[in-house]
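Student: Below is the file data.txt, which contains compact mmCIF, C-alpha atoms.
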```
# COMPACT_ATOMS: atom_id res chain seq x y z
CA MET A 24 99.56 112.64 85.18
CA SER A 25 103.14 113.64 84.71
CA VAL A 26 102.56 116.56 82.37
CA LEU A 27 102.77 119.28 84.99
CA GLY A 28 105.87 117.92 86.71
CA GLU A 29 107.89 117.31 83.55
CA PRO A 30 109.98 120.09 82.06
CA LYS A 31 108.50 121.43 78.83
CA PRO A 32 110.14 119.73 75.83
CA SER A 33 112.35 121.99 73.75
CA LEU A 34 110.86 123.71 70.73
CA ALA A 35 113.31 121.91 68.48
CA ARG A 36 112.21 118.53 69.82
CA GLN A 37 108.54 119.42 69.39
CA ARG A 38 109.21 120.42 65.76
CA GLU A 39 111.11 117.15 65.22
CA VAL A 40 108.18 115.11 66.54
CA ASP A 41 105.74 117.12 64.47
CA ALA A 42 107.77 116.52 61.31
CA LEU A 43 107.85 112.78 61.99
CA ASN A 44 104.09 112.78 62.49
CA ARG A 45 103.40 114.72 59.32
CA THR A 46 104.85 111.82 57.35
CA TRP A 47 103.93 108.73 59.34
CA ILE A 48 101.00 107.33 61.21
CA ALA A 49 100.76 104.12 63.22
CA CYS A 50 97.66 102.15 64.11
CA PRO A 51 97.03 102.27 67.89
CA TYR A 52 95.49 98.79 67.76
CA CYS A 53 97.92 96.76 65.66
CA ASP A 54 101.02 99.03 65.44
CA SER A 55 101.22 98.88 61.63
CA LEU A 56 102.96 101.89 60.11
CA TRP A 57 101.49 103.92 57.24
CA ARG A 58 102.21 107.11 55.33
CA ARG A 59 99.89 109.72 56.76
CA PRO A 60 97.22 110.65 54.23
CA VAL A 61 95.78 114.16 54.01
CA LEU A 62 92.10 114.04 54.84
CA GLN A 63 89.32 116.22 53.51
CA GLU A 64 86.66 117.20 56.01
CA GLY A 65 84.29 114.29 56.57
CA GLN A 66 86.77 111.62 55.43
CA ARG A 67 88.15 108.87 57.61
CA VAL A 68 90.88 106.31 57.19
CA LYS A 69 90.85 102.68 58.23
CA CYS A 70 93.95 100.67 59.08
CA GLY A 71 94.83 98.35 56.19
CA ARG A 72 95.73 95.58 58.60
CA CYS A 73 93.13 95.48 61.40
CA HIS A 74 90.45 97.69 59.77
CA SER A 75 90.05 99.98 62.80
CA VAL A 76 89.33 103.61 62.05
CA ILE A 77 92.64 105.32 62.78
CA LEU A 78 92.19 108.83 61.41
CA THR A 79 89.16 111.10 61.21
CA ASN A 80 88.50 114.67 60.18
CA LYS A 81 85.00 115.36 61.38
CA HIS A 82 82.82 118.09 59.95
CA ARG A 83 82.89 121.24 62.15
CA SER A 84 83.92 119.17 65.14
CA ALA A 85 84.87 122.04 67.44
CA GLU A 86 81.66 124.02 66.83
CA ARG A 87 79.47 120.97 67.33
CA THR A 88 81.35 119.94 70.48
CA ILE A 89 80.99 123.41 71.99
CA ALA A 90 77.29 123.63 71.12
CA LEU A 91 76.53 120.20 72.55
CA MET A 92 78.56 120.81 75.71
CA ILE A 93 76.83 124.14 76.42
CA ALA A 94 73.46 122.43 75.97
CA SER A 95 74.66 119.54 78.17
CA LEU A 96 75.68 121.96 80.90
CA ILE A 97 72.16 123.44 80.97
CA LEU A 98 70.45 120.05 81.01
CA TYR A 99 72.92 118.83 83.62
CA ALA A 100 71.77 121.59 85.97
CA VAL A 101 68.15 120.56 85.36
CA ALA A 102 68.90 116.87 85.69
CA ILE A 103 70.60 117.04 89.06
CA SER A 104 68.67 119.74 90.91
CA PHE A 105 65.00 119.40 89.88
CA PRO A 106 62.84 116.62 91.38
CA PHE A 107 63.71 113.35 89.73
CA MET A 108 61.00 111.07 91.09
CA ARG A 109 58.09 111.33 93.45
CA MET A 110 56.81 108.37 95.38
CA GLU A 111 53.56 108.05 97.31
CA ARG A 112 52.41 105.31 99.58
CA SER A 113 49.71 105.27 102.28
CA GLY A 114 49.52 109.04 102.35
CA LEU A 115 53.28 109.50 102.76
CA SER A 116 55.16 111.02 99.85
CA ASN A 117 58.82 111.37 99.05
CA GLU A 118 60.21 113.60 96.31
CA ILE A 119 63.91 113.52 95.50
CA SER A 120 66.43 115.01 93.12
CA VAL A 121 69.64 113.26 92.08
CA ILE A 122 71.68 115.41 94.47
CA ASP A 123 69.22 114.59 97.28
CA SER A 124 69.53 110.89 96.60
CA VAL A 125 73.32 111.00 96.84
CA MET A 126 72.98 112.97 100.09
CA ILE A 127 70.45 110.46 101.43
CA LEU A 128 72.83 107.61 100.64
CA TRP A 129 75.68 109.45 102.37
CA THR A 130 73.77 110.43 105.53
CA ASN A 131 72.28 106.95 105.91
CA ASP A 132 75.73 105.36 106.08
CA MET A 133 75.66 103.94 102.58
CA ASN A 134 78.91 105.74 101.85
CA SER A 135 80.25 103.47 99.16
CA LEU A 136 77.07 103.76 97.08
CA ALA A 137 77.09 107.52 97.62
CA VAL A 138 80.69 107.74 96.37
CA ILE A 139 80.00 105.51 93.35
CA CYS A 140 76.93 107.54 92.37
CA GLY A 141 78.53 110.89 93.17
CA ALA A 142 81.55 110.10 91.02
CA PHE A 143 80.04 108.21 88.07
CA ILE A 144 76.83 110.25 87.71
CA LEU A 145 77.64 113.70 89.06
CA LEU A 146 81.36 114.49 89.18
CA PHE A 147 82.77 112.69 86.12
CA PRO A 148 80.10 113.76 83.62
CA LEU A 149 80.35 117.38 84.79
CA SER A 150 84.16 117.35 84.60
CA ARG A 151 84.03 115.88 81.12
CA ILE A 152 81.56 118.49 79.90
CA ILE A 153 83.70 121.34 81.23
CA LEU A 154 86.96 119.87 79.92
CA LEU A 155 85.53 119.28 76.43
CA LEU A 156 84.05 122.77 76.38
CA PHE A 157 87.48 124.19 77.20
CA VAL A 158 89.17 122.01 74.56
CA GLY A 159 86.60 123.01 71.93
CA MET A 160 87.06 126.69 72.71
CA SER A 161 90.82 126.52 72.42
CA LEU A 162 90.48 124.65 69.12
CA LEU A 163 88.50 127.58 67.76
CA GLY A 164 91.19 129.93 69.03
CA LYS A 165 89.01 131.53 71.68
CA VAL A 166 91.33 130.41 74.45
CA SER A 167 95.06 129.94 73.96
CA THR A 168 96.21 126.39 73.30
CA GLY A 169 99.09 124.73 75.10
CA ARG A 170 99.73 122.41 77.95
CA PRO A 171 96.51 122.96 79.95
CA HIS A 172 94.68 122.19 76.73
CA ALA A 173 96.58 118.91 76.29
CA LEU A 174 96.08 117.92 79.92
CA SER A 175 92.35 118.73 79.73
CA PHE A 176 91.78 116.62 76.68
CA ARG A 177 93.81 113.78 78.12
CA LEU A 178 91.70 113.82 81.29
CA ALA A 179 88.47 114.01 79.26
CA GLN A 180 89.59 110.91 77.36
CA TYR A 181 90.40 109.00 80.54
CA LEU A 182 87.02 109.92 82.04
CA GLU A 183 85.00 108.67 79.09
CA PRO A 184 84.42 105.05 80.19
CA TRP A 185 83.70 106.20 83.76
CA THR A 186 80.82 108.54 83.00
CA MET A 187 77.81 106.35 83.55
CA ALA A 188 74.73 108.58 83.34
CA GLU A 189 73.13 106.31 80.72
CA ILE A 190 73.71 103.19 82.80
CA PHE A 191 72.26 104.96 85.83
CA MET A 192 69.11 105.74 83.82
CA ILE A 193 68.61 102.10 82.87
CA GLY A 194 69.08 101.26 86.56
CA VAL A 195 66.43 103.83 87.50
CA ILE A 196 63.98 102.35 85.00
CA VAL A 197 64.57 98.88 86.42
CA SER A 198 64.04 100.16 89.96
CA LEU A 199 60.78 101.85 88.88
CA VAL A 200 59.48 98.51 87.66
CA LYS A 201 60.58 96.93 90.93
CA VAL A 202 58.72 99.36 93.19
CA GLY A 203 55.86 100.02 90.79
CA LYS A 204 53.69 97.56 92.67
CA LEU A 205 54.53 98.95 96.11
CA ALA A 206 53.94 102.64 95.59
CA ASP A 207 52.73 105.31 93.17
CA ILE A 208 55.68 106.69 91.30
CA SER A 209 55.62 109.79 89.16
CA LEU A 210 58.52 111.21 87.20
CA GLY A 211 59.77 114.75 87.68
CA PRO A 212 61.35 117.19 85.22
CA ALA A 213 64.84 115.98 86.11
CA PHE A 214 64.04 112.53 84.73
CA TRP A 215 63.44 114.05 81.30
CA GLY A 216 66.39 116.37 81.76
CA MET A 217 68.63 113.41 82.44
CA SER A 218 67.22 111.54 79.42
CA GLY A 219 68.03 114.52 77.22
CA LEU A 220 71.48 114.84 78.78
CA ILE A 221 72.31 111.26 77.84
CA VAL A 222 71.43 111.93 74.21
CA LEU A 223 73.52 115.12 74.18
CA LEU A 224 76.52 113.43 75.82
CA THR A 225 76.40 110.61 73.28
CA LEU A 226 76.20 113.09 70.39
CA GLY A 227 78.97 115.09 72.04
CA ALA A 228 81.24 112.06 72.28
CA SER A 229 80.81 111.42 68.57
CA ALA A 230 81.30 115.10 67.67
CA VAL A 231 84.75 115.16 69.28
CA CYS A 232 87.45 114.59 66.67
CA ARG A 233 90.33 113.17 68.61
CA ASP A 234 92.86 113.29 65.78
CA THR A 235 92.12 116.89 64.84
CA ILE A 236 92.50 117.98 68.47
CA TRP A 237 95.80 116.22 69.06
CA GLN A 238 97.10 117.34 65.68
CA ASP A 239 96.22 120.91 66.58
CA ILE A 240 98.11 120.62 69.86
CA ARG A 241 101.06 118.99 68.11
CA ARG A 242 101.31 121.72 65.48
CA THR A 243 101.10 124.71 67.79
CA PRO A 244 103.93 124.19 70.30
CA MET B 19 103.86 95.94 55.79
CA THR B 20 105.98 97.15 58.67
CA THR B 21 105.11 97.96 62.24
CA ALA B 22 106.14 101.09 64.08
CA ARG B 23 108.23 99.01 66.45
CA GLU B 24 110.26 97.51 63.61
CA LYS B 25 111.23 101.07 62.65
CA GLY B 26 112.09 101.90 66.27
CA LEU B 27 109.04 104.13 66.62
CA ALA B 28 106.61 104.07 69.53
CA LEU B 29 103.04 105.30 69.36
CA CYS B 30 101.60 107.23 72.30
CA ARG B 31 98.32 105.43 73.03
CA THR B 32 96.87 108.55 74.62
CA CYS B 33 97.24 111.03 71.79
CA GLY B 34 98.36 108.99 68.77
CA THR B 35 101.72 110.74 68.37
CA LEU B 36 104.66 108.75 67.02
CA THR B 37 108.06 109.19 68.62
CA ASP B 38 111.50 107.96 67.63
CA ARG B 39 112.52 107.85 71.30
CA PRO B 40 110.42 105.10 72.90
CA GLY B 41 110.15 105.64 76.65
CA GLU B 42 110.26 109.41 76.49
CA THR B 43 107.43 111.49 77.90
CA CYS B 44 105.17 112.30 74.98
CA THR B 45 106.00 115.82 73.84
CA VAL B 46 102.38 116.41 72.86
CA CYS B 47 100.23 115.06 75.70
CA GLY B 48 102.68 114.29 78.51
CA ALA B 49 101.87 110.58 78.82
CA LYS B 50 104.68 108.02 78.85
CA THR B 51 105.32 106.59 75.38
CA ARG B 52 105.92 102.85 75.26
CA LEU B 53 106.59 100.36 72.50
CA ARG B 54 104.09 98.17 74.35
CA ASN B 55 102.28 98.65 77.63
CA PRO B 56 104.90 97.29 80.08
CA HIS B 57 103.85 94.16 81.98
CA SER B 58 100.51 94.33 80.21
CA ILE B 59 99.82 90.62 80.69
CA GLN B 60 100.71 90.67 84.40
CA LYS B 61 98.47 93.68 85.02
CA VAL B 62 95.61 92.03 83.15
CA TRP B 63 95.89 88.85 85.25
CA ALA B 64 96.26 90.70 88.56
CA LEU B 65 93.13 92.76 87.93
CA TRP B 66 91.33 89.78 86.46
CA ILE B 67 91.94 87.76 89.62
CA ALA B 68 90.79 90.70 91.77
CA GLY B 69 87.64 90.92 89.64
CA VAL B 70 86.87 87.21 89.92
CA VAL B 71 87.52 87.18 93.67
CA ALA B 72 85.21 90.16 94.25
CA TYR B 73 82.56 88.66 92.00
CA ILE B 74 82.00 85.73 94.38
CA PRO B 75 80.79 87.69 97.45
CA GLY B 76 79.03 90.00 94.99
CA ASN B 77 76.79 87.11 94.04
CA VAL B 78 76.65 85.07 97.23
CA MET B 79 75.94 87.89 99.66
CA PRO B 80 72.73 89.94 99.50
CA ILE B 81 72.98 93.14 97.49
CA MET B 82 69.78 94.55 98.92
CA VAL B 83 67.84 94.25 102.19
CA THR B 84 64.17 95.23 102.35
CA GLN B 85 63.00 96.23 105.82
CA SER B 86 59.27 96.48 106.42
CA ALA B 87 56.69 95.82 109.13
CA SER B 88 56.79 92.15 108.22
CA GLY B 89 60.53 91.93 108.86
CA GLU B 90 63.77 91.93 106.90
CA SER B 91 64.23 90.20 103.58
CA PRO B 92 67.67 90.10 102.00
CA ALA B 93 68.04 89.46 98.25
CA THR B 94 71.01 88.39 96.17
CA ILE B 95 71.43 89.30 92.50
CA MET B 96 70.06 85.95 91.36
CA GLY B 97 67.29 86.19 94.00
CA GLY B 98 66.27 89.54 92.53
CA VAL B 99 66.09 88.02 89.04
CA ILE B 100 63.89 85.17 90.31
CA THR B 101 61.57 87.62 92.11
CA LEU B 102 61.20 89.60 88.89
CA ILE B 103 60.31 86.41 87.01
CA HIS B 104 57.66 85.60 89.65
CA HIS B 105 56.21 89.06 89.09
CA GLU B 106 56.22 88.34 85.36
CA SER B 107 58.59 91.25 84.60
CA TYR B 108 60.45 89.09 82.12
CA ALA B 109 62.12 91.89 80.17
CA ILE B 110 63.56 93.51 83.31
CA ALA B 111 64.60 90.10 84.66
CA ALA B 112 66.44 89.51 81.40
CA VAL B 113 68.20 92.90 81.59
CA ILE B 114 69.47 92.20 85.11
CA PHE B 115 70.40 88.63 84.34
CA ILE B 116 72.37 89.64 81.25
CA ALA B 117 74.05 92.68 82.83
CA SER B 118 74.95 91.06 86.17
CA ILE B 119 75.52 87.40 85.33
CA VAL B 120 76.04 86.84 81.59
CA VAL B 121 78.21 89.89 80.86
CA PRO B 122 80.63 89.57 83.82
CA LEU B 123 81.09 85.83 83.38
CA SER B 124 81.66 86.12 79.63
CA LYS B 125 84.03 89.02 80.26
CA PHE B 126 86.12 86.86 82.61
CA ALA B 127 86.15 84.09 80.01
CA VAL B 128 87.01 86.37 77.07
CA ILE B 129 89.79 88.25 78.87
CA ALA B 130 91.32 84.96 80.06
CA TRP B 131 91.07 83.50 76.56
CA LEU B 132 92.63 86.60 74.95
CA THR B 133 95.47 86.76 77.45
CA LEU B 134 96.21 83.05 77.23
CA SER B 135 96.11 83.23 73.44
CA ILE B 136 98.79 85.93 73.58
CA GLN B 137 100.93 84.12 76.17
CA ARG B 138 100.69 80.71 74.51
CA GLN B 139 100.74 82.13 70.97
CA TRP B 140 97.63 80.25 69.92
CA ALA B 141 96.97 80.42 66.20
CA ILE B 142 93.64 82.25 66.33
CA ASP B 143 92.47 84.74 63.75
CA ASP B 144 93.75 88.18 64.84
CA HIS B 145 90.63 89.92 63.60
CA ARG B 146 88.47 87.74 65.81
CA ARG B 147 90.60 88.45 68.90
CA HIS B 148 90.67 92.16 68.06
CA PHE B 149 86.85 92.17 67.87
CA ALA B 150 86.58 90.29 71.18
CA HIS B 151 88.79 92.89 72.89
CA GLU B 152 86.78 95.80 71.49
CA LEU B 153 83.55 94.15 72.61
CA VAL B 154 84.81 93.51 76.14
CA GLU B 155 86.00 97.11 76.51
CA PHE B 156 82.69 98.45 75.24
CA ILE B 157 80.30 96.26 77.18
CA GLY B 158 81.96 95.95 80.60
CA ARG B 159 80.64 99.16 82.13
CA TRP B 160 77.02 98.07 81.61
CA SER B 161 77.35 95.58 84.46
CA MET B 162 77.02 98.54 86.82
CA ILE B 163 73.23 98.57 86.20
CA ASP B 164 72.40 96.50 89.27
CA VAL B 165 74.53 98.74 91.51
CA PHE B 166 72.54 101.77 90.33
CA VAL B 167 69.26 99.87 90.82
CA VAL B 168 70.16 99.33 94.48
CA ALA B 169 71.30 102.95 94.84
CA ALA B 170 68.06 104.29 93.36
CA LEU B 171 65.90 102.03 95.51
CA ALA B 172 67.86 102.77 98.68
CA ALA B 173 67.60 106.53 98.08
CA LEU B 174 63.92 106.48 97.17
CA ILE B 175 62.45 103.96 99.58
CA GLN B 176 63.07 105.54 102.97
CA ILE B 177 59.61 105.95 104.48
CA GLY B 178 60.25 106.03 108.18
CA GLY B 179 59.24 102.85 109.94
CA LEU B 180 56.96 101.75 107.14
CA MET B 181 59.48 100.41 104.74
CA SER B 182 63.05 100.97 103.73
CA ILE B 183 65.55 99.43 101.37
CA LEU B 184 69.20 99.15 102.34
CA PRO B 185 72.18 98.01 100.31
CA GLY B 186 73.62 94.62 101.30
CA PRO B 187 77.33 93.84 101.58
CA GLY B 188 77.24 92.18 98.15
CA VAL B 189 76.77 95.45 96.30
CA ASP B 190 80.20 96.84 97.20
CA ALA B 191 81.88 93.61 96.19
CA PHE B 192 79.98 93.52 92.94
CA ALA B 193 80.85 97.15 92.11
CA MET B 194 84.53 96.44 92.85
CA SER B 195 84.39 93.40 90.61
CA VAL B 196 83.06 95.48 87.69
CA ILE B 197 85.68 98.19 88.26
CA PHE B 198 88.58 95.71 88.51
CA THR B 199 87.43 93.96 85.35
CA MET B 200 87.18 97.25 83.45
CA PHE B 201 90.76 98.07 84.45
CA SER B 202 91.80 94.55 83.51
CA ALA B 203 90.44 94.94 79.96
CA MET B 204 92.06 98.37 79.66
CA SER B 205 95.45 96.99 80.70
CA LEU B 206 95.53 94.65 77.75
CA ASP B 207 97.60 96.33 75.04
CA PRO B 208 95.75 95.42 71.80
CA ARG B 209 99.02 95.59 69.87
CA LEU B 210 100.06 92.35 71.58
CA ILE B 211 97.24 90.60 69.69
CA TRP B 212 98.79 91.58 66.38
CA ASP B 213 102.46 91.06 67.22
CA ARG B 214 104.02 88.20 65.34
CA PRO B 215 104.64 85.18 67.55
CA SER B 216 108.35 84.75 66.75
CA LYS B 217 109.23 87.44 69.28
CA THR B 218 110.13 86.88 72.91
CA PRO B 219 107.57 88.16 75.45
CA GLU B 220 106.70 91.74 74.70
CA THR B 221 107.32 93.36 78.01
CA LYS B 222 111.03 92.52 77.85
CA HIS B 223 111.48 94.76 74.78
CA VAL B 224 110.38 97.85 76.55
CA PRO B 225 113.13 100.13 77.76
CA ALA B 226 112.68 101.32 81.30
```
In structure tokens, what does this structure look like?

Tutor:
Amino acid sequence: MSVLGEPKPSLARQREVDALNRTWIACPYCDSLWRRPVLQEGQRVKCGRCHSVILTNKHRSAERTIALMIASLILYAVAISFPFMRMERSGLSNEISVIDSVMILWTNDMNSLAVICGAFILLFPLSRIILLLFVGMSLLGKVSTGRPHALSFRLAQYLEPWTMAEIFMIGVIVSLVKVGKLADISLGPAFWGMSGLIVLLTLGASAVCRDTIWQDIRRTP
Amino acid sequence: MTTAREKGLALCRTCGTLTDRPGETCTVCGAKTRLRNPHSIQKVWALWIAGVVAYIPGNVMPIMVTQSASGESPATIMGGVITLIHHESYAIAAVIFIASIVVPLSKFAVIAWLTLSIQRQWAIDDHRRHFAHELVEFIGRWSMIDVFVVAALAALIQIGGLMSILPGPGVDAFAMSVIFTMFSAMSLDPRLIWDRPSKTPETKHVPA
């Protein structure tokens, strides 16, 4: 993350780079160079050499991203704080939320598991939601664009493979099958909240139009 | 067809901006622009080796220990799969087997094959290698399933002296293996797959 330490590039240099990028586009996968086409909303362009999608212009990307991220934020609150599962065995019951379970792991000296779960299920998804919300807002002109905007979107991109809420849910389902024979398990509201959150995050990831966002940042120095 | 490099242009892999000054800090996103990811192959191998090394204790040591009135029973990943088969949970056994054994092992094989094919300039269809790289990047994170299974069980099953489930030493090693392998796949610059083989090794072209 060098963006904050580096001096801001001169306006002339930013214009120069913008001009270059208005004419040319390169494929990030195979490095082939093409004349940049002008896209209508909803169109996308594939690289003529490796056939990867290299340019998109998604329909109302910013609005959809903002809507999905606000909804995600609400479901996130439900998913982490409400009871997730309730287990009963021989008269003893145990009801936990996702936050509780991370706490339980931490206090019972299972620190590495607590850190893995805390980061991949709690911290990274939340950071990504907030960062994308901020990026979406600035794209609509509600918040001023600029360097914080660029840094936010960059971070959101880096976080993408490390948000693992959907993998966690599959793990939970497997663990339910494993203990199903030992105890009575019932699912709490947070389980359904988390299931909904996964759907929203997936839709959100596909609503984000990377090219439009970076182009916007590039053109408004 | 020309490449950006042939025109002296470098593409920022973070934001997709082209620059005519390779090596400069991207004026748009602030990442370092590079003609190619420097030392890409070395990074891939270093992280690949770390992933393979961590994978061994991840599988040999127990990932989960069940403590109950009848004593302690440790279970490895493969042990857990066999238990599930005994309980006739075939679908779940298959999920764990694929996510924890098939995916990591094929990832090691595919990354090694891709990297060797670049180093040795094997004549393999570029489209096929490109697809293999995409697949490995997409699928690698799913190996974390078993780590989350242990975490969920350990958090849920804590009923005083009656029964409790604790993570075994294998689970940390296994999680590290997945993380190292994810970084290994990310370090591979896909542009190296498409570069024409007449060139000298890519990393030497990159200005400091």

Student: Just to confirm, what's the straight-line distance from atom CA of A:Leu115 to atom CA of A:Val200 in Å (one decimal)?

Tutor: 19.7 Å

Student: For chain A, work out the contacting residues on chain B at 6 Å, counting all atoms listed in the file, and write them as a count of residues only.

Tutor: 13

Student: What's the 8 Å shell around stretch 190-193 of chain B, counting only C-alpha atoms, without same-chain residues fewer than 3 positions away, as a list in words?

Tutor: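 Here the qualifying residues turn out to be Ser135 and Leu136 of chain A; Ala72, Tyr73, Pro75, Gly76, Asn77, Met162, Val165, Pro187, Val196 and Ile197 of chain B.
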
Student: List as a PyMOL selection string the protein and nucleic acid residues near stretch 205-207 of chain B, meaning an atom at most 10 Å away when only C-alpha atoms are counted, but skip any in the same chain fewer than 4 places from it.

Tutor: (chain A and resi 51-53) or (chain B and resi 31+54-63+65+129+132-133+151+155+199-201+211-212)

Student: Pick out the closest residue to B:Ala28 from this set: B:Ala170, B:Cys44, B:Ala109, B:Ile95. Count only C-alpha atoms.

Tutor: B:Cys44

Student: May I ask for the distance between atom CA of B:Gly98 and atom CA of A:Ile103, given in Å to one decimal place?

Tutor: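 One can read the atom CA of B:Gly98 to atom CA of A:Ile103 distance as 28.1 Å.
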
Student: What does the structure give for the distance between atom CA of B:Thr32 and atom CA of B:Leu210, in Å to one decimal?

Tutor: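 Rounded to one decimal, the two atoms are 16.8 Å apart.
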
Student: I want to know what sits within 8 Å of stretch 79-82 of chain A, based on all atoms listed in the file, with residues of the same chain fewer than 4 positions away left out; could you give that as a PyMOL selection string?

Tutor: chain A and resi 62-68+230-235

Student: Give me the residues within 8 Å of B:Arg52 as a PDB file with C-alpha atoms, in the coordinates of the input, counting only C-alpha atoms and dropping any in the same chain fewer than 5 places off.

Tutor:
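Generated file (out_11.pdb):
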```pdb
ATOM      1  CA  ALA B  28     106.610 104.070  69.530  1.00  0.00           C
ATOM      2  CA  LEU B  29     103.040 105.300  69.360  1.00  0.00           C
ATOM      3  CA  CYS B  30     101.600 107.230  72.300  1.00  0.00           C
ATOM      4  CA  PRO B  40     110.420 105.100  72.900  1.00  0.00           C
ATOM      5  CA  GLY B  41     110.150 105.640  76.650  1.00  0.00           C
ATOM      6  CA  GLU B  42     110.260 109.410  76.490  1.00  0.00           C
ATOM      7  CA  VAL B 224     110.380  97.850  76.550  1.00  0.00           C
TER       8      VAL B 224
END
```

Student: Which one is closest to A:Ser104: A:Leu162, A:Ile153, A:Ile122, A:Cys70? Count only C-alpha atoms.

Tutor: A:Ile122

Student: With stretch 180-186 of chain B as the partner and 10 Å as the cut-off, tabulate the residues of stretch 92-138 of chain B that qualify, each row holding the nearest pair of atoms and their distance in Å to one decimal, using only C-alpha atoms, sorted by chain and rising number, as JSON lines.

Tutor:
```
{"residue": "B:Pro92", "atom": "CA", "partner": "B:Gly186", "partner_atom": "CA", "distance": 7.5}
{"residue": "B:Ala93", "atom": "CA", "partner": "B:Gly186", "partner_atom": "CA", "distance": 8.2}
{"residue": "B:Thr94", "atom": "CA", "partner": "B:Gly186", "partner_atom": "CA", "distance": 8.5}
```

Student: Extract, using only C-alpha atoms, all DNA, RNA and protein residues at most 12 Å from A:Leu226, discarding same-chain residues fewer than 5 positions from it, and format them as a list of chain:residue names.

Tutor: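 Counting only the stated atoms, we get A:Ser84, A:Arg87, A:Thr88, A:Ile89, A:Ala90, A:Leu91, A:Met92, A:Ala94, A:Ser95, A:Gly219, A:Leu220, A:Ile221, A:Val231, A:Cys232.
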
Student: Between A:Thr130, A:Ala179, A:Arg59, A:Ala42, which is the closest to A:Phe157 once you count all atoms listed in the file?

Tutor: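 So, comparing all the options, the nearest one is A:Ala179.
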
Student: Any chance you could model N, CA and C atoms for stretch 125-138 of chain B and send them as a PDB file, in the frame of the given file?

Tutor:
```
ATOM      1  N   LYS B 125      82.852  88.160  80.258  1.00  0.00           N
ATOM      2  CA  LYS B 125      84.030  89.020  80.260  1.00  0.00           C
ATOM      3  C   LYS B 125      85.235  88.301  80.858  1.00  0.00           C
ATOM      4  N   PHE B 126      85.019  87.625  81.997  1.00  0.00           N
ATOM      5  CA  PHE B 126      86.120  86.860  82.610  1.00  0.00           C
ATOM      6  C   PHE B 126      86.655  85.848  81.603  1.00  0.00           C
ATOM      7  N   ALA B 127      85.742  85.131  80.949  1.00  0.00           N
ATOM      8  CA  ALA B 127      86.150  84.090  80.010  1.00  0.00           C
ATOM      9  C   ALA B 127      86.913  84.694  78.831  1.00  0.00           C
ATOM     10  N   VAL B 128      86.383  85.790  78.269  1.00  0.00           N
ATOM     11  CA  VAL B 128      87.010  86.370  77.070  1.00  0.00           C
ATOM     12  C   VAL B 128      88.381  86.952  77.396  1.00  0.00           C
ATOM     13  N   ILE B 129      88.488  87.662  78.518  1.00  0.00           N
ATOM     14  CA  ILE B 129      89.790  88.250  78.870  1.00  0.00           C
ATOM     15  C   ILE B 129      90.814  87.128  79.101  1.00  0.00           C
ATOM     16  N   ALA B 130      90.397  86.082  79.812  1.00  0.00           N
ATOM     17  CA  ALA B 130      91.320  84.960  80.060  1.00  0.00           C
ATOM     18  C   ALA B 130      91.742  84.322  78.743  1.00  0.00           C
ATOM     19  N   TRP B 131      90.781  84.126  77.852  1.00  0.00           N
ATOM     20  CA  TRP B 131      91.070  83.500  76.560  1.00  0.00           C
ATOM     21  C   TRP B 131      92.022  84.357  75.727  1.00  0.00           C
ATOM     22  N   LEU B 132      91.770  85.691  75.712  1.00  0.00           N
ATOM     23  CA  LEU B 132      92.630  86.600  74.950  1.00  0.00           C
ATOM     24  C   LEU B 132      94.052  86.576  75.503  1.00  0.00           C
ATOM     25  N   THR B 133      94.158  86.668  76.830  1.00  0.00           N
ATOM     26  CA  THR B 133      95.470  86.760  77.450  1.00  0.00           C
ATOM     27  C   THR B 133      96.239  85.458  77.260  1.00  0.00           C
ATOM     28  N   LEU B 134      95.547  84.335  77.447  1.00  0.00           N
ATOM     29  CA  LEU B 134      96.210  83.050  77.230  1.00  0.00           C
ATOM     30  C   LEU B 134      96.627  82.902  75.772  1.00  0.00           C
ATOM     31  N   SER B 135      95.779  83.368  74.863  1.00  0.00           N
ATOM     32  CA  SER B 135      96.110  83.230  73.440  1.00  0.00           C
ATOM     33  C   SER B 135      97.364  84.018  73.096  1.00  0.00           C
ATOM     34  N   ILE B 136      97.573  85.143  73.818  1.00  0.00           N
ATOM     35  CA  ILE B 136      98.790  85.930  73.580  1.00  0.00           C
ATOM     36  C   ILE B 136      99.991  85.225  74.212  1.00  0.00           C
ATOM     37  N   GLN B 137      99.809  84.752  75.462  1.00  0.00           N
ATOM     38  CA  GLN B 137     100.930  84.120  76.170  1.00  0.00           C
ATOM     39  C   GLN B 137     101.366  82.820  75.498  1.00  0.00           C
ATOM     40  N   ARG B 138     100.379  82.021  75.089  1.00  0.00           N
ATOM     41  CA  ARG B 138     100.690  80.710  74.510  1.00  0.00           C
ATOM     42  C   ARG B 138     100.823  80.756  72.991  1.00  0.00           C
TER      43      ARG B 138
END
```
